[in-house]
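> Just dropping this structure here.
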Amino acid sequence: MKSAVEQLSTYKSVHLNPNNIRTHFIGVPMIIWSAFLMLGTLRFAWQDYQISLAMIVTLVVLAYYMMLHVRLALGLVLFILPVLYTTELVVHSEHPFVIAISFFVVGWAIQFIGHKYEKAKPAFMDDLNQLLIGPFFLMAEVYFMLGWEKELAAEIKPIARDKRRALEAKLKS
């Protein structure tokens with residue numbers, strides 16, 4: 001498994017433009033919320049409870065984040081639990097899939113607009129695992145803005161810049 005530094009620096013290498021990062025703070029949560037809503041419609045009974053696939057995915061993804069970086073993962077718990085709760089409310093509405101698809105499409109449109117600013121393709125196009133790193137990256141950015149995890153930020157930035165330079169050199173050749 002790649003380290004948090006390696007994962008974050010790869011993601012950061014195509015997210016250096018502040019406008020792109022801003023769009024991700026809108027688009028990524030929309031995509032996550034819509035995915036959780038879609039997964040929330042897939043349900044099964046367990047004893048006296050209704051369990052959704054979103055609940056199971058939550059546990060798996062949070063465990064993955066915990067393995068990468070515990071403090072960032074704790075921040076993601078604070079993000080993901082309200083997402084899970086609100087999607088559980090909406091899953092019982094009349095048209096949850098229409099709502100989910102609408103958020104999903106708008107979220108991705110915002111993402112691709114951000115990458116126009118960046119002039120770089122999204123990270124997941126080279127590594128599908130980067131789809132999971134998007135929320136992790138945004139939580140890291142929140143921590144960095146708050147002045148937390150300074151050592152992590154200092155470690156990631158030069159690696160990301162080097163990866164970006166290599167990517168740009170490869171595109172020029």
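Residues in the structure tokens are numbered from 1 in each chain, the chains being A, B, ... in the order shown, and ligands are numbered from 1 in the order shown.
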If you run DSSP over the backbone, which residues in range 36-145 of chain A end up helix (DSSP H, G or I)? Put them as a count of residues only.
84
> According to DSSP computed on the backbone, where in chain A is there strand (DSSP E)? Give the residues as a list in words.
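Listing strand (DSSP E) positions across chain A yields Arg43, Phe44, Ala45, Trp46, Tyr49, Gln50, Ile51 and Ser52 of chain A.
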> Could you please take those selected residues and save N, CA, C and O atoms as a PDB file, in the first residue's frame?

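Below you can see result-v5.pdb, which holds the result:
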ATOM      1  N   ARG A  43     -29.995  -2.205  -0.104  1.00  0.00           N
ATOM      2  CA  ARG A  43     -30.207  -2.504   1.311  1.00  0.00           C
ATOM      3  C   ARG A  43     -30.468  -3.988   1.533  1.00  0.00           C
ATOM      4  O   ARG A  43     -30.948  -4.681   0.643  1.00  0.00           O
ATOM      5  N   PHE A  44     -30.162  -4.421   2.743  1.00  0.00           N
ATOM      6  CA  PHE A  44     -30.510  -5.772   3.152  1.00  0.00           C
ATOM      7  C   PHE A  44     -30.773  -5.788   4.651  1.00  0.00           C
ATOM      8  O   PHE A  44     -30.328  -4.894   5.378  1.00  0.00           O
ATOM      9  N   ALA A  45     -31.520  -6.763   5.061  1.00  0.00           N
ATOM     10  CA  ALA A  45     -31.873  -6.884   6.490  1.00  0.00           C
ATOM     11  C   ALA A  45     -30.784  -7.676   7.201  1.00  0.00           C
ATOM     12  O   ALA A  45     -30.269  -8.673   6.692  1.00  0.00           O
ATOM     13  N   TRP A  46     -30.458  -7.221   8.386  1.00  0.00           N
ATOM     14  CA  TRP A  46     -29.525  -7.937   9.245  1.00  0.00           C
ATOM     15  C   TRP A  46     -30.114  -7.883  10.648  1.00  0.00           C
ATOM     16  O   TRP A  46     -30.231  -6.803  11.234  1.00  0.00           O
ATOM     17  N   TYR A  49     -32.313  -4.904  11.741  1.00  0.00           N
ATOM     18  CA  TYR A  49     -31.842  -3.642  11.168  1.00  0.00           C
ATOM     19  C   TYR A  49     -31.811  -3.686   9.648  1.00  0.00           C
ATOM     20  O   TYR A  49     -31.628  -4.741   9.049  1.00  0.00           O
ATOM     21  N   GLN A  50     -31.931  -2.521   9.055  1.00  0.00           N
ATOM     22  CA  GLN A  50     -31.720  -2.351   7.626  1.00  0.00           C
ATOM     23  C   GLN A  50     -30.299  -1.807   7.439  1.00  0.00           C
ATOM     24  O   GLN A  50     -29.960  -0.755   7.978  1.00  0.00           O
ATOM     25  N   ILE A  51     -29.491  -2.532   6.700  1.00  0.00           N
ATOM     26  CA  ILE A  51     -28.117  -2.131   6.434  1.00  0.00           C
ATOM     27  C   ILE A  51     -28.031  -1.757   4.961  1.00  0.00           C
ATOM     28  O   ILE A  51     -28.563  -2.458   4.099  1.00  0.00           O
ATOM     29  N   SER A  52     -27.355  -0.663   4.673  1.00  0.00           N
ATOM     30  CA  SER A  52     -27.166  -0.265   3.273  1.00  0.00           C
ATOM     31  C   SER A  52     -25.723  -0.527   2.865  1.00  0.00           C
ATOM     32  O   SER A  52     -24.821  -0.601   3.711  1.00  0.00           O
TER      33      SER A  52
END
> Go through A:Ile133, A:Ile113, A:Val83, A:Leu37 one by one, measure the shortest atom-to-atom distance of each to Lys2 in chain A using only C-alpha atoms, and give the residue with the smallest value.
A:Ile133
> When distances are computed from only C-alpha atoms, which of A:Leu62, A:Met55, A:Leu152, A:Ile21 shows the smallest separation from Leu84 in chain A?
A:Met55
> Tell me which of A:Val14, A:Leu8, A:Val91, A:Met1 sits closest to His115 in chain A, counting only C-alpha atoms.
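Answer, going by the shortest atom-to-atom distance: A:Val14.
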